Amino acid sequence: MNDDVRNIVLGVVATAVSGGFGWFTRTYLWRRALRRKQAFFGLPTGSDCLFVANRQVGGTESSLHRSDAFALLEISALIRDCGATVRIVTHEARQGFGERAEFCVGGPASNSRTVAHLHSMLPGVRVDLSTEPGPGRGAISVGGEAYRWEPGLVEYVLLARLTAGEGARPVFLLSGQTANSNQAAARYLARHHEELARTYRGGSFCLVLKVVNSDAYGPDVTELVADVTAAARTPAAAAA
């Protein structure tokens, strides 16, 4: 074998080894990222989860606002990426939590299961459910702060990951003042789940997000306002 042939053979071997190593590295990183994503959402491969759909405020019991339907699509993509399946149930479903992951969408005015989750796991949160127009309508109060809804300008939404104990699957609560803010929370969760997983390491959290100028930007411009985990999990009377 002359030098030229040997160099060609060595080059082919080096390319094959380099390509194989690169493929192995990419596969390892992809699998590690997938395991972390599955752990954060409580969605191992082949598992199922619940999507608790709210009703459209002012609509019939079975109606779903367009933006809430888009929130379902945002969350369904996350579920599919984890290799899990989703079962859609109405907000009147009567079942416990912790056996399977759950995504509960909608504020207490449109989702009775949200009311139960707030009462059981976020007792420090208060939502103004008055139907009369006024500055306090729809306001979310927690930790001594009131987050007021300004229609078309500012909307707020609670994004929470809640667990009932070690080994229990999480409940993700997206409780907004409007359907648009529910969709914004779903989009924020999809875009920032890796950061949230690193920050909270599989624990519970409750965040207040602000949707800016929704008339112009829809759910696209969303800001993190505050981490209210401690205040939200402390009964309001004790906090006062």
# chains A, B, ... in the order shown; residues from 1 in each chain; ligands from 1
>>> select_by_dssp(residues="stretch 36-174 of chain A", states="helix (DSSP H, G or I)", output="number ranges by chain")
A: 36-41, 66-81, 112-121
>>> residues_around(residues="A:Ala116", least_positions_apart="2", cutoff="12 Å", atoms="only C-alpha atoms", output="PyMOL selection string")
chain A and resi 91-97+104+107-109+111-114+118-123+125+173
>>> write_last_selection(atoms="N, CA and C atoms", output="PDB file, in the first residue's frame")
ATOM      1  N   HIS A  91     -64.356  21.047  32.607  1.00  0.00           N
ATOM      2  CA  HIS A  91     -63.943  21.588  33.901  1.00  0.00           C
ATOM      3  C   HIS A  91     -64.767  21.038  35.053  1.00  0.00           C
ATOM      4  N   GLU A  92     -65.848  20.331  34.750  1.00  0.00           N
ATOM      5  CA  GLU A  92     -66.691  19.755  35.795  1.00  0.00           C
ATOM      6  C   GLU A  92     -66.272  18.337  36.168  1.00  0.00           C
ATOM      7  N   ALA A  93     -65.170  17.857  35.580  1.00  0.00           N
ATOM      8  CA  ALA A  93     -64.704  16.500  35.870  1.00  0.00           C
ATOM      9  C   ALA A  93     -64.386  16.350  37.352  1.00  0.00           C
ATOM     10  N   ARG A  94     -64.803  15.239  37.913  1.00  0.00           N
ATOM     11  CA  ARG A  94     -64.564  14.972  39.331  1.00  0.00           C
ATOM     12  C   ARG A  94     -63.558  13.840  39.464  1.00  0.00           C
ATOM     13  N   GLN A  95     -62.334  14.196  39.763  1.00  0.00           N
ATOM     14  CA  GLN A  95     -61.285  13.215  39.978  1.00  0.00           C
ATOM     15  C   GLN A  95     -60.140  13.878  40.707  1.00  0.00           C
ATOM     16  N   GLY A  96     -59.330  13.056  41.347  1.00  0.00           N
ATOM     17  CA  GLY A  96     -58.218  13.583  42.113  1.00  0.00           C
ATOM     18  C   GLY A  96     -57.087  14.034  41.208  1.00  0.00           C
ATOM     19  N   PHE A  97     -55.955  14.315  41.835  1.00  0.00           N
ATOM     20  CA  PHE A  97     -54.798  14.717  41.044  1.00  0.00           C
ATOM     21  C   PHE A  97     -53.563  14.023  41.606  1.00  0.00           C
ATOM     22  N   CYS A 104     -54.617  22.488  33.454  1.00  0.00           N
ATOM     23  CA  CYS A 104     -55.917  23.085  33.754  1.00  0.00           C
ATOM     24  C   CYS A 104     -55.901  24.532  33.270  1.00  0.00           C
ATOM     25  N   GLY A 107     -59.469  30.812  34.150  1.00  0.00           N
ATOM     26  CA  GLY A 107     -59.634  31.381  35.480  1.00  0.00           C
ATOM     27  C   GLY A 107     -60.836  30.795  36.191  1.00  0.00           C
ATOM     28  N   PRO A 108     -61.026  31.138  37.459  1.00  0.00           N
ATOM     29  CA  PRO A 108     -62.127  30.565  38.239  1.00  0.00           C
ATOM     30  C   PRO A 108     -63.515  30.947  37.737  1.00  0.00           C
ATOM     31  N   ALA A 109     -63.611  31.998  36.946  1.00  0.00           N
ATOM     32  CA  ALA A 109     -64.920  32.379  36.407  1.00  0.00           C
ATOM     33  C   ALA A 109     -65.389  31.408  35.327  1.00  0.00           C
ATOM     34  N   ASN A 111     -63.772  28.070  34.945  1.00  0.00           N
ATOM     35  CA  ASN A 111     -63.283  26.712  35.170  1.00  0.00           C
ATOM     36  C   ASN A 111     -63.433  26.369  36.650  1.00  0.00           C
ATOM     37  N   SER A 112     -64.391  25.513  36.958  1.00  0.00           N
ATOM     38  CA  SER A 112     -64.630  25.159  38.357  1.00  0.00           C
ATOM     39  C   SER A 112     -63.480  24.343  38.941  1.00  0.00           C
ATOM     40  N   ARG A 113     -62.721  23.645  38.109  1.00  0.00           N
ATOM     41  CA  ARG A 113     -61.567  22.891  38.626  1.00  0.00           C
ATOM     42  C   ARG A 113     -60.447  23.845  39.053  1.00  0.00           C
ATOM     43  N   THR A 114     -60.330  24.972  38.368  1.00  0.00           N
ATOM     44  CA  THR A 114     -59.382  25.999  38.807  1.00  0.00           C
ATOM     45  C   THR A 114     -59.728  26.475  40.210  1.00  0.00           C
ATOM     46  N   LEU A 118     -57.078  26.313  43.276  1.00  0.00           N
ATOM     47  CA  LEU A 118     -56.708  27.514  44.027  1.00  0.00           C
ATOM     48  C   LEU A 118     -56.999  27.321  45.515  1.00  0.00           C
ATOM     49  N   HIS A 119     -58.147  26.774  45.801  1.00  0.00           N
ATOM     50  CA  HIS A 119     -58.529  26.574  47.208  1.00  0.00           C
ATOM     51  C   HIS A 119     -57.602  25.585  47.906  1.00  0.00           C
ATOM     52  N   SER A 120     -57.250  24.501  47.218  1.00  0.00           N
ATOM     53  CA  SER A 120     -56.478  23.431  47.845  1.00  0.00           C
ATOM     54  C   SER A 120     -54.986  23.718  47.885  1.00  0.00           C
ATOM     55  N   MET A 121     -54.449  24.291  46.805  1.00  0.00           N
ATOM     56  CA  MET A 121     -52.991  24.378  46.683  1.00  0.00           C
ATOM     57  C   MET A 121     -52.441  25.798  46.613  1.00  0.00           C
ATOM     58  N   LEU A 122     -53.297  26.776  46.323  1.00  0.00           N
ATOM     59  CA  LEU A 122     -52.854  28.166  46.275  1.00  0.00           C
ATOM     60  C   LEU A 122     -53.832  29.033  47.075  1.00  0.00           C
ATOM     61  N   PRO A 123     -53.938  28.791  48.372  1.00  0.00           N
ATOM     62  CA  PRO A 123     -54.953  29.487  49.176  1.00  0.00           C
ATOM     63  C   PRO A 123     -54.672  30.970  49.373  1.00  0.00           C
ATOM     64  N   VAL A 125     -54.193  33.069  46.976  1.00  0.00           N
ATOM     65  CA  VAL A 125     -54.622  33.787  45.770  1.00  0.00           C
ATOM     66  C   VAL A 125     -56.106  34.129  45.875  1.00  0.00           C
ATOM     67  N   LEU A 173     -51.315  24.846  36.112  1.00  0.00           N
ATOM     68  CA  LEU A 173     -52.495  25.719  36.170  1.00  0.00           C
ATOM     69  C   LEU A 173     -52.207  26.987  35.380  1.00  0.00           C
TER      70      LEU A 173
END
>>> closest_atom_pairs(of="stretch 155-232 of chain A", to="stretch 30-50 of chain A", cutoff="9 Å", atoms="only C-alpha atoms", output="Markdown table")
| residue | atom | partner | partner_atom | distance |
| --- | --- | --- | --- | --- |
| A:Arg161 | CA | A:Phe41 | CA | 8.9 |
| A:Ala168 | CA | A:Gly42 | CA | 8.4 |
| A:Arg169 | CA | A:Gly42 | CA | 5.2 |
| A:Pro170 | CA | A:Gly42 | CA | 6.1 |
| A:Val171 | CA | A:Phe41 | CA | 8.7 |
| A:Phe172 | CA | A:Phe41 | CA | 8.4 |
| A:His193 | CA | A:Lys37 | CA | 7.7 |
| A:Glu194 | CA | A:Lys37 | CA | 7.3 |
| A:Leu196 | CA | A:Phe40 | CA | 8.7 |
| A:Ala197 | CA | A:Phe40 | CA | 6.1 |
| A:Arg201 | CA | A:Phe40 | CA | 8.1 |
| A:Gly202 | CA | A:Phe40 | CA | 5.8 |
| A:Gly203 | CA | A:Phe40 | CA | 8.9 |
>>> residues_around(residues="A:Val212", least_positions_apart="3", cutoff="10 Å", atoms="only C-alpha atoms", output="list of chain:residue names")
A:Glu150, A:Gly152, A:Leu153, A:Val154, A:Glu155, A:Tyr156, A:Ser181, A:Leu209, A:Asp215, A:Ala216, A:Tyr217, A:Gly218, A:Pro219, A:Asp220, A:Val221, A:Thr222, A:Glu223
>>> select_by_dssp(residues="stretch 80-219 of chain A", states="strand (DSSP E or B)", output="PyMOL selection string")
chain A and resi 85-90+102-105+126-127+140-142+145-147+150+154-162+171-176+205-212
>>> atom_distance(atom1="atom CA of A:Ala185", atom2="atom CA of A:Gly165")
24.1 Å
>>> closest_residue(among="A:Thr163, A:Asn54, A:Thr131, A:Ser214", to="A:Leu72", atoms="only C-alpha atoms")
A:Asn54
>>> residues_around(residues="A:Gln183", least_positions_apart="6", cutoff="10 Å", atoms="only C-alpha atoms", output="VMD selection string")
chain A and resid 66 to 75 105 to 106 157 174 176 189 218 to 220
>>> atom_distance(atom1="atom CA of A:Leu158", atom2="atom CA of A:Leu207")
5.7 Å
>>> decode(residues="stretch 140-168 of chain A", atoms="N, CA and C atoms", output="PDB file, in the first residue's frame")
ATOM      1  N   ILE A 140     -56.372  39.870  40.160  1.00  0.00           N
ATOM      2  CA  ILE A 140     -55.735  38.760  40.866  1.00  0.00           C
ATOM      3  C   ILE A 140     -54.948  39.348  42.025  1.00  0.00           C
ATOM      4  N   SER A 141     -55.280  38.957  43.238  1.00  0.00           N
ATOM      5  CA  SER A 141     -54.607  39.491  44.426  1.00  0.00           C
ATOM      6  C   SER A 141     -53.800  38.387  45.094  1.00  0.00           C
ATOM      7  N   VAL A 142     -52.519  38.662  45.341  1.00  0.00           N
ATOM      8  CA  VAL A 142     -51.648  37.703  46.005  1.00  0.00           C
ATOM      9  C   VAL A 142     -50.442  38.452  46.564  1.00  0.00           C
ATOM     10  N   GLY A 143     -50.044  38.094  47.768  1.00  0.00           N
ATOM     11  CA  GLY A 143     -48.873  38.722  48.370  1.00  0.00           C
ATOM     12  C   GLY A 143     -49.007  40.208  48.592  1.00  0.00           C
ATOM     13  N   GLY A 144     -50.217  40.686  48.833  1.00  0.00           N
ATOM     14  CA  GLY A 144     -50.423  42.113  49.073  1.00  0.00           C
ATOM     15  C   GLY A 144     -50.493  42.959  47.820  1.00  0.00           C
ATOM     16  N   GLU A 145     -50.398  42.345  46.650  1.00  0.00           N
ATOM     17  CA  GLU A 145     -50.473  43.065  45.381  1.00  0.00           C
ATOM     18  C   GLU A 145     -51.742  42.660  44.637  1.00  0.00           C
ATOM     19  N   ALA A 146     -52.337  43.643  43.963  1.00  0.00           N
ATOM     20  CA  ALA A 146     -53.505  43.385  43.124  1.00  0.00           C
ATOM     21  C   ALA A 146     -53.113  43.631  41.669  1.00  0.00           C
ATOM     22  N   TYR A 147     -53.268  42.626  40.859  1.00  0.00           N
ATOM     23  CA  TYR A 147     -52.915  42.717  39.438  1.00  0.00           C
ATOM     24  C   TYR A 147     -54.211  42.925  38.661  1.00  0.00           C
ATOM     25  N   ARG A 148     -54.416  44.171  38.217  1.00  0.00           N
ATOM     26  CA  ARG A 148     -55.697  44.578  37.641  1.00  0.00           C
ATOM     27  C   ARG A 148     -55.686  44.473  36.118  1.00  0.00           C
ATOM     28  N   TRP A 149     -56.809  44.021  35.632  1.00  0.00           N
ATOM     29  CA  TRP A 149     -57.018  43.864  34.199  1.00  0.00           C
ATOM     30  C   TRP A 149     -57.420  45.194  33.585  1.00  0.00           C
ATOM     31  N   GLU A 150     -56.695  45.591  32.530  1.00  0.00           N
ATOM     32  CA  GLU A 150     -57.045  46.768  31.741  1.00  0.00           C
ATOM     33  C   GLU A 150     -57.348  46.278  30.332  1.00  0.00           C
ATOM     34  N   PRO A 151     -58.623  46.106  30.000  1.00  0.00           N
ATOM     35  CA  PRO A 151     -59.001  45.467  28.734  1.00  0.00           C
ATOM     36  C   PRO A 151     -58.277  46.060  27.530  1.00  0.00           C
ATOM     37  N   GLY A 152     -57.662  45.173  26.769  1.00  0.00           N
ATOM     38  CA  GLY A 152     -56.958  45.570  25.560  1.00  0.00           C
ATOM     39  C   GLY A 152     -55.559  46.094  25.778  1.00  0.00           C
ATOM     40  N   LEU A 153     -55.210  46.408  27.036  1.00  0.00           N
ATOM     41  CA  LEU A 153     -53.898  46.989  27.333  1.00  0.00           C
ATOM     42  C   LEU A 153     -53.026  46.064  28.180  1.00  0.00           C
ATOM     43  N   VAL A 154     -53.563  45.621  29.318  1.00  0.00           N
ATOM     44  CA  VAL A 154     -52.798  44.782  30.242  1.00  0.00           C
ATOM     45  C   VAL A 154     -53.683  43.641  30.730  1.00  0.00           C
ATOM     46  N   GLU A 155     -53.179  42.437  30.610  1.00  0.00           N
ATOM     47  CA  GLU A 155     -53.866  41.270  31.136  1.00  0.00           C
ATOM     48  C   GLU A 155     -52.860  40.467  31.958  1.00  0.00           C
ATOM     49  N   TYR A 156     -53.339  39.837  33.030  1.00  0.00           N
ATOM     50  CA  TYR A 156     -52.469  39.036  33.881  1.00  0.00           C
ATOM     51  C   TYR A 156     -52.946  37.581  33.898  1.00  0.00           C
ATOM     52  N   VAL A 157     -52.007  36.696  34.140  1.00  0.00           N
ATOM     53  CA  VAL A 157     -52.313  35.272  34.205  1.00  0.00           C
ATOM     54  C   VAL A 157     -51.372  34.610  35.193  1.00  0.00           C
ATOM     55  N   LEU A 158     -51.921  33.679  35.978  1.00  0.00           N
ATOM     56  CA  LEU A 158     -51.101  32.860  36.865  1.00  0.00           C
ATOM     57  C   LEU A 158     -50.654  31.618  36.101  1.00  0.00           C
ATOM     58  N   LEU A 159     -49.366  31.343  36.159  1.00  0.00           N
ATOM     59  CA  LEU A 159     -48.816  30.104  35.616  1.00  0.00           C
ATOM     60  C   LEU A 159     -48.190  29.347  36.784  1.00  0.00           C
ATOM     61  N   ALA A 160     -48.725  28.185  37.093  1.00  0.00           N
ATOM     62  CA  ALA A 160     -48.250  27.442  38.266  1.00  0.00           C
ATOM     63  C   ALA A 160     -47.995  25.986  37.925  1.00  0.00           C
ATOM     64  N   ARG A 161     -46.973  25.446  38.573  1.00  0.00           N
ATOM     65  CA  ARG A 161     -46.722  23.998  38.562  1.00  0.00           C
ATOM     66  C   ARG A 161     -46.904  23.535  39.997  1.00  0.00           C
ATOM     67  N   LEU A 162     -47.839  22.609  40.208  1.00  0.00           N
ATOM     68  CA  LEU A 162     -48.218  22.214  41.551  1.00  0.00           C
ATOM     69  C   LEU A 162     -48.083  20.707  41.698  1.00  0.00           C
ATOM     70  N   THR A 163     -47.506  20.261  42.805  1.00  0.00           N
ATOM     71  CA  THR A 163     -47.380  18.840  43.073  1.00  0.00           C
ATOM     72  C   THR A 163     -47.928  18.534  44.456  1.00  0.00           C
ATOM     73  N   ALA A 164     -48.454  17.331  44.585  1.00  0.00           N
ATOM     74  CA  ALA A 164     -49.067  16.921  45.846  1.00  0.00           C
ATOM     75  C   ALA A 164     -48.099  16.138  46.723  1.00  0.00           C
ATOM     76  N   GLY A 165     -46.862  16.006  46.314  1.00  0.00           N
ATOM     77  CA  GLY A 165     -45.886  15.261  47.099  1.00  0.00           C
ATOM     78  C   GLY A 165     -44.946  14.493  46.206  1.00  0.00           C
ATOM     79  N   GLU A 166     -43.961  13.862  46.796  1.00  0.00           N
ATOM     80  CA  GLU A 166     -42.957  13.133  46.037  1.00  0.00           C
ATOM     81  C   GLU A 166     -43.596  11.981  45.266  1.00  0.00           C
ATOM     82  N   GLY A 167     -43.250  11.898  43.986  1.00  0.00           N
ATOM     83  CA  GLY A 167     -43.784  10.836  43.149  1.00  0.00           C
ATOM     84  C   GLY A 167     -45.085  11.175  42.457  1.00  0.00           C
ATOM     85  N   ALA A 168     -45.742  12.249  42.873  1.00  0.00           N
ATOM     86  CA  ALA A 168     -47.011  12.640  42.263  1.00  0.00           C
ATOM     87  C   ALA A 168     -46.751  13.395  40.962  1.00  0.00           C
TER      88      ALA A 168
END
